[in-house]
Amino acid sequence: MFDYELLRIIWWGILVFLICGFAVMDGFDFGIGMLLPFLGKTDDERRVILNSIGPTWEGNQTWLVTLGGITFGAWSLVYAVLFSGVYAGLLLLLFALFLRPVGFDYRSKVTNPNWRSAWDWALFVGGATPAIVLSLAAGNLMIGLPFELDADLRSSYAGGFWDLFQLFPLLCVLVGVALCVMHGAVFLHLRTENAIAERAQIVIRWSSILFVGLFLVAGIWVAFGLDGYKITSAIDTTITANPLHKTVVKSTGLWLENYGTYPLLLLAPLMTVISALLTPFFTAKNHSATAFVLSSLAMIGAIVTAGGSMFPFVLPSSLSAASSLTIWDSSASRYSLQLLLVATVIFMPIVMAYTSWVYKVMRGKVTVEQIQDNQHTMY
Amino acid sequence: MITNEVVELSRLQFALTAMYHFLFVPLTIGLSFLLAIMESLYVMTGKQIYKDMTRFWGKLFGINFAMGVTTGLTMEFQFGTNWAYYSHYVGDIFGVPLAIEGMMAFFLESTFVGLFFFGWDRLSKMQHLSTTWLLALGTNLSALWILIANAWMQNPVGAEFNYDTMRMELTNFSELVFNPVAQVKFVHTVAAGYVTGSMFVLGISALYLLKRRDIPFARRSFRIASGFGLAAILSVIVLGDESGYTVGEVQKAKLAAIEAEWETEEAPASFTLIGLPNEETMTTDYAIKFPYLLGLIATRSLDGTVDGIKEIRERKRRRINSGMVAYENLQILREDKTNEIAKAIFEKHKVDLGHGLLLKKYTENVTDATPEQIELAIKDSIPRVAPMFWTFRGMVFCGVLMLFIFVASFYFNAKRTAHNQRWLLKMAFYGIPLPWIASELGWVVAEYGRQPWTIAGILPTHLSTSSLSSYQLYASIAGFFVMYSALLVIELFLMIKYIKLGPSSLHTGNYHFEKEGATHV
């Protein structure tokens with residue numbers, strides 16, 4: 001069908017697509033989780049906020065689950081090295097995610113205010129932690145992770161949990177959190193009214209400015225202060241390959257080389273900045289749907305900016321540059337990539353179709369009156 | 001170097017989290033189907049009570065489903081976090097059904113579960129019914145793909161070793177999907193899920209009947225559960241997955257251990273009902289045997305033989321020796337890909353490479369193993385008999401008890417006197433834990449029985465873990481323990497609260513606690 005080289009590029013594209021899908025769909029859930037205790041002043045208001053995503057958040061989170069499964073199948077070595085390397089970070093993410101399904105379903109099943117308030121904070125943690133851990137991971141991916149592969153391709157990891165908290169990744173955390181908060185507030189603006197929507201509008205204004213400012217600082221840092229990676233040996237992109245059969249150099253500014261080679265890529269950061277800046281104007285004029293498209297574009301642009309600058313690297317190693325994983329030497333076999341491509345092309349459009357239908361069925365604003373009329377059936 | 005302690009702790013963590021996850025999975029599988037049946041009755045008859053049933057059992061379903069989702073995430077992450085070498089070594093095959101599961105099943109169930117709860121007023125009757133069926137379909141499809149992946153661990157077909165990338169690679173997708181072990185496993189596991197769902201509804205309905213409240217609601221629920229449950233328990237027993245134990249080397253070892261079949265008997269082999277397996281003397285003391293039965297169950301024939309442990313061990317010896325040759329030539333090949341002699345020898349012996357790797361537990365170089373080390377590896381290659389023998393019998397015992405409960409419930413229900421048989425109602429209520437015990441024991445049989453392999457005959461367990469420290473594992477096990485215990489307490493608290501409330505929790509005004517004079521919980 002396709003040759004191996006093209007398949008790997010397509011699969012890199014699918015990986016980026018799934019990360020974008022996850023960020024757009026689950027990003028606002030995380031943002032709303034973070035905003036829940038602050039934008040909802042009364043129990044009814046908090047229930048409005050919860051129910052704005054209540055019927056759909058679970059499907060959104062499946063993007064993350066599927067991303068895990070796809071990485072396992074199509075990029076096994078990446079899955080193995082990344083997940084075992086940042087062991088404590090992954091478990092932290094996992095424990096935080098535990099709080100979400102039970103938080104949504106259990107919170108309003110008991111009327112005790114302490115019970116409800118405890119779950120609200122659990123949902124806050126369940127929204128904030130993934131946004132923090134995943135942005136932290138993204139920052140560390142750009143720096144490179146301290147892992148090494150032995151001749152059997154067994155990976156060993158030389159860093160500890162606290163080593164993840166370096167300055168650049170911490171900046172990425174701020175960028176990611178600001179973006180998720182903005183995205184969440186935009187969705188709330190779309191699905192709620194009156195007091196909550198007004199509070200959301202203020203959040204949108206500030207998080208938009210904060211995000212754009214921090215995003216630009218991160219860009220300057222990548223250009224002048226961060227080591228990028230580059231393959232220096234000839235690499236045969238069409239055969240099954242072993243990551244150890246290449247040489248890699250590391251030097252400041254290398255992450256920007258792709259922008260020189262493919263100038264079109266510059267559209268990604270440009271789109272990010274412009275969309276994020278325009279978002280508050282559209283919510284102010286009550287064009288919330290347009291604003292949601294814009295903040296989604298900002299999400300997608302930010303991810304493509306980072307992913308595109310690293311291409312063809314997926315997981316650079318700061319410890320042994322040659323162990324770095326690139327799309328040429330960490331993919332599944334040609335046969336498995338073909339199979340999974342067929343499955344993706346069949347199932348993802350179906351998934352997106354029925355997801356849209358569900359959103360259409362559940363459309364409209366969630367109001368305090370609805371909550372009061374449906375005390376026992378809504379979250 | 002990965003210590004034995006890390007391997008054992010990784011196994012412990014996986015076993016704990018997987019068994020915990022499976023407290024919620026079978027109920028999700030079974031109850032989703034029962035909900036679809038109840039709602040179909042609602043749509044066909046138009047009777048409000050069936051809608052109330054769908055919604056009340058749906059509430060309990062939701063409490064359980066949330067835990068299933070929560071604990072399922074762990075399973076998805078854990079291959080990477082704790083079994084990194086496994087993930088690399090077989091991800092090309094094992095990851096494929098998992099990726100498909102995500103796209104085909106997880107999205108389906110988690111998208112429609114929201115609509116199931118919140119779509120009642122926004123959808124037409126038919127649309128909502130379709131939603132419920134899609135939810136049931138999603139949970140069942142998810143079982144299908146994960147069991148295809150699991151079956152490949154038990155009987156790895158359709159894959160080959162690639163010495164360039166140092167991993168197994170998929171060569172035949174349809175062999176993977178139509179793996180005979182996957183088929184029996186799927187039928188056995190989902191049917192066990194249907195039994196769990198039925199036992200749950202049956203037992204709780206029995207409680208309401210015993211308390212003489214919400215009788216019409218409880219009788220209808222009892223009726224559906226007894227019918228569906230009887231069909232399900234018969235499928236579990238008749239289509240028990242023992243028949244899957246005759247394919248594949250490791251499955252045969254498992255079967256021999258389950259049956260304490262030390263020697264290969266002449267066909268058809270007899271079935272040991274009970275006895276005391278003795279690992280030292282390799283005999284079963286005080287055995288009570290049924291002639292012919294094992295041969296019939298396991299091979300579905302009168303002339304198929306069931307291999308005994310002694311015979312399997314001798315085969316293992318040959319395979320380990322051949323595996324050493326494979327390993328030796330693999331090392332040569334990795335230095336020099338053009339060495340045609342080494343390539344030819346490797347090709348001849350590569351099916352036994354995994355057996356050679358068994359020796360890595362005792363010697364890093366494999367090829368320099370002493371005869372004593374080889375003996376140790378042979379001994380490792382068959383799971384211990386007593387735990388297998390007893391867990392299997394425990395599972396079957398639970399199954400037989402449930403068969404009795406369902407047959408009796410079905411019979412008295414047909415006579416329309418079930419609600420007066422207090423002994424039966426009590427038995428149904430106290431029988432609620434049975435399907436869970438049976439499922440957990442069943443998984444112990446299947447997965448403990450797979451040892452010493454993660455991938456049967458291909459990758460030994462002690463090579464499969466991540467390069468972690470035991471300190472990291474103690475910390476994560478402690479974390480899981482705390483989180484899971486807290487969540488279980490909360491889940492049970494809510495479950496019991498809503499079970500006690502019964503359909504009154506729907507606030508329709510038609511049920512026990514909403515009527516005047518009713519004592520409140």
# chains A, B, ... in the order shown; residues from 1 in each chain; ligands from 1
>>> interface_residues(of="chain B", to="chain A", cutoff="6 Å", atoms="only C-alpha atoms", output="ChimeraX atom specification")
/B:66,70,80-81,84,87-88,91-92,95-96,98-99,102,107,110-111,114,165,467
>>> select_by_dssp(residues="segment 118-346 of chain A", states="helix (DSSP H, G or I)", output="number ranges by chain")
A: 118-143, 161-164, 167-191, 194-224, 243-245, 254-261, 263-284, 288-310, 321-323, 334-346
>>> write_last_selection(atoms="C-alpha atoms", output="compact mmCIF listing (two decimals), in the first residue's frame")
# COMPACT_ATOMS: atom_id res chain seq x y z
CA ALA A 118 -14.78 17.78 48.90
CA TRP A 119 -15.66 16.41 45.48
CA ASP A 120 -15.50 19.89 43.94
CA TRP A 121 -11.92 20.17 45.13
CA ALA A 122 -11.22 16.63 43.98
CA LEU A 123 -12.44 17.67 40.53
CA PHE A 124 -10.23 20.76 40.74
CA VAL A 125 -7.24 18.50 41.39
CA GLY A 126 -8.46 16.15 38.65
CA GLY A 127 -8.45 19.06 36.19
CA ALA A 128 -5.32 20.90 37.29
CA THR A 129 -2.98 17.91 37.68
CA PRO A 130 -3.31 16.53 34.14
CA ALA A 131 -2.87 20.01 32.66
CA ILE A 132 0.25 20.53 34.78
CA VAL A 133 1.79 17.07 34.34
CA LEU A 134 1.19 16.93 30.60
CA SER A 135 2.59 20.44 30.00
CA LEU A 136 5.54 19.58 32.19
CA ALA A 137 6.08 16.44 30.13
CA ALA A 138 5.90 18.45 26.90
CA GLY A 139 8.57 20.84 28.20
CA ASN A 140 10.79 17.96 29.21
CA LEU A 141 10.37 16.29 25.83
CA MET A 142 11.83 19.40 24.21
CA ILE A 143 14.80 19.38 26.59
CA PHE A 161 10.80 12.99 39.69
CA TRP A 162 12.03 16.40 40.85
CA ASP A 163 14.42 16.64 37.90
CA LEU A 164 11.36 17.20 35.74
CA LEU A 167 12.76 26.21 34.40
CA PHE A 168 11.76 25.66 30.80
CA PRO A 169 9.24 22.90 31.60
CA LEU A 170 7.85 25.05 34.40
CA LEU A 171 7.31 27.83 31.88
CA CYS A 172 5.51 25.27 29.69
CA VAL A 173 3.28 24.45 32.66
CA LEU A 174 2.21 28.07 32.89
CA VAL A 175 1.59 28.20 29.15
CA GLY A 176 -0.45 24.98 29.23
CA VAL A 177 -2.47 25.90 32.29
CA ALA A 178 -3.28 29.38 30.93
CA LEU A 179 -4.41 27.87 27.65
CA CYS A 180 -6.59 25.21 29.30
CA VAL A 181 -8.15 27.80 31.58
CA MET A 182 -8.95 30.06 28.64
CA HIS A 183 -10.34 27.16 26.62
CA GLY A 184 -12.45 26.01 29.58
CA ALA A 185 -13.77 29.52 30.22
CA VAL A 186 -14.74 29.86 26.56
CA PHE A 187 -16.69 26.63 26.71
CA LEU A 188 -18.42 27.78 29.89
CA HIS A 189 -19.27 31.05 28.20
CA LEU A 190 -20.88 29.05 25.43
CA ARG A 191 -22.88 26.77 27.70
CA ASN A 194 -25.64 35.37 33.52
CA ALA A 195 -23.27 35.41 36.48
CA ILE A 196 -21.16 32.41 35.49
CA ALA A 197 -20.78 33.57 31.89
CA GLU A 198 -19.79 37.03 33.09
CA ARG A 199 -17.14 35.63 35.40
CA ALA A 200 -15.92 33.41 32.56
CA GLN A 201 -15.52 36.48 30.35
CA ILE A 202 -13.10 38.05 32.84
CA VAL A 203 -11.10 34.83 32.99
CA ILE A 204 -10.94 34.67 29.20
CA ARG A 205 -9.57 38.19 28.95
CA TRP A 206 -6.73 37.63 31.43
CA SER A 207 -5.82 34.09 30.46
CA SER A 208 -5.63 35.09 26.79
CA ILE A 209 -3.08 37.83 27.51
CA LEU A 210 -1.14 35.64 29.92
CA PHE A 211 -1.03 32.75 27.49
CA VAL A 212 0.17 34.79 24.53
CA GLY A 213 2.85 36.52 26.59
CA LEU A 214 4.21 33.27 28.04
CA PHE A 215 3.99 31.49 24.70
CA LEU A 216 6.19 34.16 23.11
CA VAL A 217 8.70 33.97 25.98
CA ALA A 218 8.88 30.19 25.50
CA GLY A 219 9.48 30.72 21.77
CA ILE A 220 12.37 33.10 22.42
CA TRP A 221 13.79 30.65 24.92
CA VAL A 222 13.68 27.83 22.37
CA ALA A 223 15.47 30.03 19.83
CA PHE A 224 18.26 31.35 22.04
CA PRO A 243 17.60 3.60 17.22
CA LEU A 244 21.19 2.90 18.17
CA HIS A 245 22.36 2.89 14.55
CA LEU A 254 18.41 23.40 16.33
CA TRP A 255 14.71 23.17 17.17
CA LEU A 256 14.16 26.14 14.84
CA GLU A 257 15.79 24.53 11.80
CA ASN A 258 12.52 23.01 10.61
CA TYR A 259 11.06 26.51 10.33
CA GLY A 260 13.80 27.36 7.85
CA THR A 261 13.29 24.14 5.90
CA PRO A 263 8.52 28.03 6.18
CA LEU A 264 4.84 27.06 6.09
CA LEU A 265 5.30 25.75 9.60
CA LEU A 266 5.53 29.37 10.75
CA LEU A 267 1.78 29.53 10.30
CA ALA A 268 1.37 27.41 13.44
CA PRO A 269 2.78 29.87 16.01
CA LEU A 270 1.21 32.73 14.08
CA MET A 271 -2.20 31.08 14.19
CA THR A 272 -1.76 30.38 17.91
CA VAL A 273 -1.04 33.97 18.82
CA ILE A 274 -3.70 35.53 16.59
CA SER A 275 -6.46 33.09 17.60
CA ALA A 276 -5.71 33.44 21.29
CA LEU A 277 -5.71 37.25 21.07
CA LEU A 278 -8.99 37.33 19.13
CA THR A 279 -10.81 34.95 21.48
CA PRO A 280 -11.83 37.51 24.17
CA PHE A 281 -13.23 39.88 21.53
CA PHE A 282 -15.63 37.29 20.21
CA THR A 283 -16.85 36.20 23.65
CA ALA A 284 -17.34 39.88 24.55
CA SER A 288 -19.07 32.19 21.84
CA ALA A 289 -19.10 29.49 19.17
CA THR A 290 -16.60 31.42 17.04
CA ALA A 291 -14.54 32.07 20.15
CA PHE A 292 -14.51 28.34 20.85
CA VAL A 293 -13.21 27.63 17.35
CA LEU A 294 -10.51 30.24 17.91
CA SER A 295 -9.35 28.89 21.25
CA SER A 296 -9.32 25.40 19.71
CA LEU A 297 -7.11 26.75 16.92
CA ALA A 298 -4.81 28.21 19.56
CA MET A 299 -4.55 24.74 21.15
CA ILE A 300 -3.84 23.06 17.84
CA GLY A 301 -1.37 25.77 16.83
CA ALA A 302 0.58 25.45 20.09
CA ILE A 303 0.87 21.67 19.73
CA VAL A 304 1.89 21.82 16.08
CA THR A 305 4.45 24.52 16.94
CA ALA A 306 6.14 22.27 19.49
CA GLY A 307 5.75 18.99 17.60
CA GLY A 308 6.81 20.54 14.28
CA SER A 309 9.99 22.00 15.71
CA MET A 310 11.01 18.57 17.03
CA ALA A 321 21.85 11.51 22.18
CA ALA A 322 22.10 8.40 19.98
CA SER A 323 19.38 6.69 22.03
CA ARG A 334 5.25 -1.64 8.35
CA TYR A 335 2.50 -4.26 8.55
CA SER A 336 1.16 -3.05 11.90
CA LEU A 337 1.29 0.59 10.79
CA GLN A 338 -0.76 -0.30 7.71
CA LEU A 339 -3.30 -2.21 9.72
CA LEU A 340 -3.72 0.52 12.28
CA LEU A 341 -3.96 3.11 9.52
CA VAL A 342 -6.90 1.24 8.03
CA ALA A 343 -8.53 1.02 11.47
CA THR A 344 -7.96 4.72 12.13
CA VAL A 345 -9.34 5.80 8.77
CA ILE A 346 -12.45 3.70 9.35
>>> atom_distance(atom1="atom CA of Thr28 of chain B", atom2="atom CA of Gly62 of chain B")
8.8 Å
>>> residues_around(residues="segment 403-412 of chain B", least_positions_apart="2", cutoff="8 Å", atoms="only C-alpha atoms", output="list in words")
Arg223, Ser226, Gly227, Gly229, Leu230, Ile233, Leu234, Gly399, Val400, Leu401, Ala414, Lys415, Arg416, Thr417, Ala418, Gln421, Leu424, Met427 and Ala428 of chain B
>>> atom_distance(atom1="atom CA of Ala257 of chain B", atom2="atom CA of Met388 of chain B")
6.1 Å
>>> atom_distance(atom1="atom CA of Ser251 of chain A", atom2="atom CA of Thr237 of chain A")
23.3 Å
>>> residues_around(residues="Ser381 of chain B", least_positions_apart="2", cutoff="6 Å", atoms="only C-alpha atoms", output="ChimeraX atom specification")
/B:378-379,452
>>> write_last_selection(atoms="N, CA and C atoms", output="PDB file, in the first residue's frame")
ATOM      1  N   ILE B 378      13.624 -25.794  33.866  1.00  0.00           N
ATOM      2  CA  ILE B 378      12.568 -26.751  33.495  1.00  0.00           C
ATOM      3  C   ILE B 378      11.489 -26.756  34.574  1.00  0.00           C
ATOM      4  N   LYS B 379      11.959 -26.740  35.827  1.00  0.00           N
ATOM      5  CA  LYS B 379      11.019 -26.768  36.945  1.00  0.00           C
ATOM      6  C   LYS B 379      10.137 -25.511  36.906  1.00  0.00           C
ATOM      7  N   PRO B 452       5.888 -19.352  33.782  1.00  0.00           N
ATOM      8  CA  PRO B 452       6.761 -18.202  34.033  1.00  0.00           C
ATOM      9  C   PRO B 452       6.809 -17.189  32.887  1.00  0.00           C
TER      10      PRO B 452
END
>>> decode(residues="segment 340-352 of chain A", atoms="all heavy atoms", output="PDB file, in the first residue's frame")
ATOM      1  N   LEU A 340      -3.155  -0.492  11.398  1.00  0.00           N
ATOM      2  CA  LEU A 340      -3.716   0.523  12.278  1.00  0.00           C
ATOM      3  C   LEU A 340      -4.172   1.737  11.495  1.00  0.00           C
ATOM      4  O   LEU A 340      -5.119   2.420  11.892  1.00  0.00           O
ATOM      5  CB  LEU A 340      -2.697   0.929  13.342  1.00  0.00           C
ATOM      6  CG  LEU A 340      -2.531  -0.086  14.474  1.00  0.00           C
ATOM      7  CD1 LEU A 340      -1.461   0.348  15.445  1.00  0.00           C
ATOM      8  CD2 LEU A 340      -3.853  -0.280  15.220  1.00  0.00           C
ATOM      9  N   LEU A 341      -3.525   1.991  10.362  1.00  0.00           N
ATOM     10  CA  LEU A 341      -3.965   3.105   9.523  1.00  0.00           C
ATOM     11  C   LEU A 341      -5.369   2.829   8.995  1.00  0.00           C
ATOM     12  O   LEU A 341      -6.250   3.699   9.045  1.00  0.00           O
ATOM     13  CB  LEU A 341      -2.977   3.321   8.371  1.00  0.00           C
ATOM     14  CG  LEU A 341      -3.338   4.466   7.420  1.00  0.00           C
ATOM     15  CD1 LEU A 341      -3.397   5.791   8.169  1.00  0.00           C
ATOM     16  CD2 LEU A 341      -2.333   4.562   6.279  1.00  0.00           C
ATOM     17  N   VAL A 342      -5.567   1.608   8.522  1.00  0.00           N
ATOM     18  CA  VAL A 342      -6.900   1.241   8.033  1.00  0.00           C
ATOM     19  C   VAL A 342      -7.927   1.415   9.150  1.00  0.00           C
ATOM     20  O   VAL A 342      -8.989   2.026   8.966  1.00  0.00           O
ATOM     21  CB  VAL A 342      -6.914  -0.211   7.507  1.00  0.00           C
ATOM     22  CG1 VAL A 342      -8.335  -0.637   7.157  1.00  0.00           C
ATOM     23  CG2 VAL A 342      -6.003  -0.345   6.295  1.00  0.00           C
ATOM     24  N   ALA A 343      -7.587   0.911  10.344  1.00  0.00           N
ATOM     25  CA  ALA A 343      -8.528   1.016  11.467  1.00  0.00           C
ATOM     26  C   ALA A 343      -8.813   2.475  11.801  1.00  0.00           C
ATOM     27  O   ALA A 343      -9.964   2.858  12.040  1.00  0.00           O
ATOM     28  CB  ALA A 343      -7.957   0.292  12.688  1.00  0.00           C
ATOM     29  N   THR A 344      -7.774   3.309  11.788  1.00  0.00           N
ATOM     30  CA  THR A 344      -7.959   4.722  12.128  1.00  0.00           C
ATOM     31  C   THR A 344      -8.842   5.426  11.097  1.00  0.00           C
ATOM     32  O   THR A 344      -9.743   6.196  11.458  1.00  0.00           O
ATOM     33  CB  THR A 344      -6.594   5.435  12.188  1.00  0.00           C
ATOM     34  OG1 THR A 344      -5.730   4.665  13.021  1.00  0.00           O
ATOM     35  CG2 THR A 344      -6.722   6.831  12.762  1.00  0.00           C
ATOM     36  N   VAL A 345      -8.571   5.129   9.830  1.00  0.00           N
ATOM     37  CA  VAL A 345      -9.338   5.796   8.768  1.00  0.00           C
ATOM     38  C   VAL A 345     -10.807   5.374   8.814  1.00  0.00           C
ATOM     39  O   VAL A 345     -11.704   6.160   8.527  1.00  0.00           O
ATOM     40  CB  VAL A 345      -8.704   5.481   7.385  1.00  0.00           C
ATOM     41  CG1 VAL A 345      -9.630   5.885   6.264  1.00  0.00           C
ATOM     42  CG2 VAL A 345      -7.366   6.177   7.260  1.00  0.00           C
ATOM     43  N   ILE A 346     -11.053   4.134   9.239  1.00  0.00           N
ATOM     44  CA  ILE A 346     -12.449   3.701   9.348  1.00  0.00           C
ATOM     45  C   ILE A 346     -13.100   4.289  10.605  1.00  0.00           C
ATOM     46  O   ILE A 346     -14.179   4.873  10.546  1.00  0.00           O
ATOM     47  CB  ILE A 346     -12.549   2.159   9.402  1.00  0.00           C
ATOM     48  CG1 ILE A 346     -12.091   1.565   8.079  1.00  0.00           C
ATOM     49  CG2 ILE A 346     -13.997   1.726   9.709  1.00  0.00           C
ATOM     50  CD1 ILE A 346     -12.014   0.054   8.080  1.00  0.00           C
ATOM     51  N   PHE A 347     -12.438   4.138  11.756  1.00  0.00           N
ATOM     52  CA  PHE A 347     -13.141   4.410  13.009  1.00  0.00           C
ATOM     53  C   PHE A 347     -13.139   5.871  13.454  1.00  0.00           C
ATOM     54  O   PHE A 347     -14.128   6.336  14.011  1.00  0.00           O
ATOM     55  CB  PHE A 347     -12.605   3.525  14.141  1.00  0.00           C
ATOM     56  CG  PHE A 347     -13.001   2.090  13.968  1.00  0.00           C
ATOM     57  CD1 PHE A 347     -12.064   1.121  13.693  1.00  0.00           C
ATOM     58  CD2 PHE A 347     -14.336   1.726  14.037  1.00  0.00           C
ATOM     59  CE1 PHE A 347     -12.442  -0.193  13.497  1.00  0.00           C
ATOM     60  CE2 PHE A 347     -14.730   0.421  13.848  1.00  0.00           C
ATOM     61  CZ  PHE A 347     -13.775  -0.547  13.579  1.00  0.00           C
ATOM     62  N   MET A 348     -12.046   6.604  13.211  1.00  0.00           N
ATOM     63  CA  MET A 348     -12.040   7.958  13.741  1.00  0.00           C
ATOM     64  C   MET A 348     -13.127   8.858  13.131  1.00  0.00           C
ATOM     65  O   MET A 348     -13.755   9.621  13.854  1.00  0.00           O
ATOM     66  CB  MET A 348     -10.643   8.591  13.650  1.00  0.00           C
ATOM     67  CG  MET A 348      -9.646   8.051  14.683  1.00  0.00           C
ATOM     68  SD  MET A 348     -10.302   7.805  16.351  1.00  0.00           S
ATOM     69  CE  MET A 348     -10.457   9.488  16.905  1.00  0.00           C
ATOM     70  N   PRO A 349     -13.386   8.764  11.817  1.00  0.00           N
ATOM     71  CA  PRO A 349     -14.502   9.576  11.300  1.00  0.00           C
ATOM     72  C   PRO A 349     -15.842   9.173  11.922  1.00  0.00           C
ATOM     73  O   PRO A 349     -16.678  10.043  12.216  1.00  0.00           O
ATOM     74  CB  PRO A 349     -14.493   9.272   9.796  1.00  0.00           C
ATOM     75  CG  PRO A 349     -13.100   8.845   9.507  1.00  0.00           C
ATOM     76  CD  PRO A 349     -12.624   8.129  10.728  1.00  0.00           C
ATOM     77  N   ILE A 350     -16.030   7.877  12.170  1.00  0.00           N
ATOM     78  CA  ILE A 350     -17.280   7.431  12.803  1.00  0.00           C
ATOM     79  C   ILE A 350     -17.369   8.020  14.208  1.00  0.00           C
ATOM     80  O   ILE A 350     -18.401   8.565  14.617  1.00  0.00           O
ATOM     81  CB  ILE A 350     -17.339   5.885  12.860  1.00  0.00           C
ATOM     82  CG1 ILE A 350     -17.350   5.299  11.450  1.00  0.00           C
ATOM     83  CG2 ILE A 350     -18.577   5.433  13.646  1.00  0.00           C
ATOM     84  CD1 ILE A 350     -17.336   3.782  11.400  1.00  0.00           C
ATOM     85  N   VAL A 351     -16.257   7.945  14.947  1.00  0.00           N
ATOM     86  CA  VAL A 351     -16.229   8.495  16.306  1.00  0.00           C
ATOM     87  C   VAL A 351     -16.573   9.977  16.281  1.00  0.00           C
ATOM     88  O   VAL A 351     -17.403  10.462  17.059  1.00  0.00           O
ATOM     89  CB  VAL A 351     -14.825   8.294  16.933  1.00  0.00           C
ATOM     90  CG1 VAL A 351     -14.673   9.126  18.199  1.00  0.00           C
ATOM     91  CG2 VAL A 351     -14.574   6.829  17.234  1.00  0.00           C
ATOM     92  N   MET A 352     -15.962  10.694  15.341  1.00  0.00           N
ATOM     93  CA  MET A 352     -16.190  12.136  15.298  1.00  0.00           C
ATOM     94  C   MET A 352     -17.628  12.448  14.895  1.00  0.00           C
ATOM     95  O   MET A 352     -18.224  13.410  15.387  1.00  0.00           O
ATOM     96  CB  MET A 352     -15.179  12.803  14.370  1.00  0.00           C
ATOM     97  CG  MET A 352     -13.800  12.850  15.039  1.00  0.00           C
ATOM     98  SD  MET A 352     -12.424  12.973  13.906  1.00  0.00           S
ATOM     99  CE  MET A 352     -12.505  14.665  13.460  1.00  0.00           C
TER     100      MET A 352
END
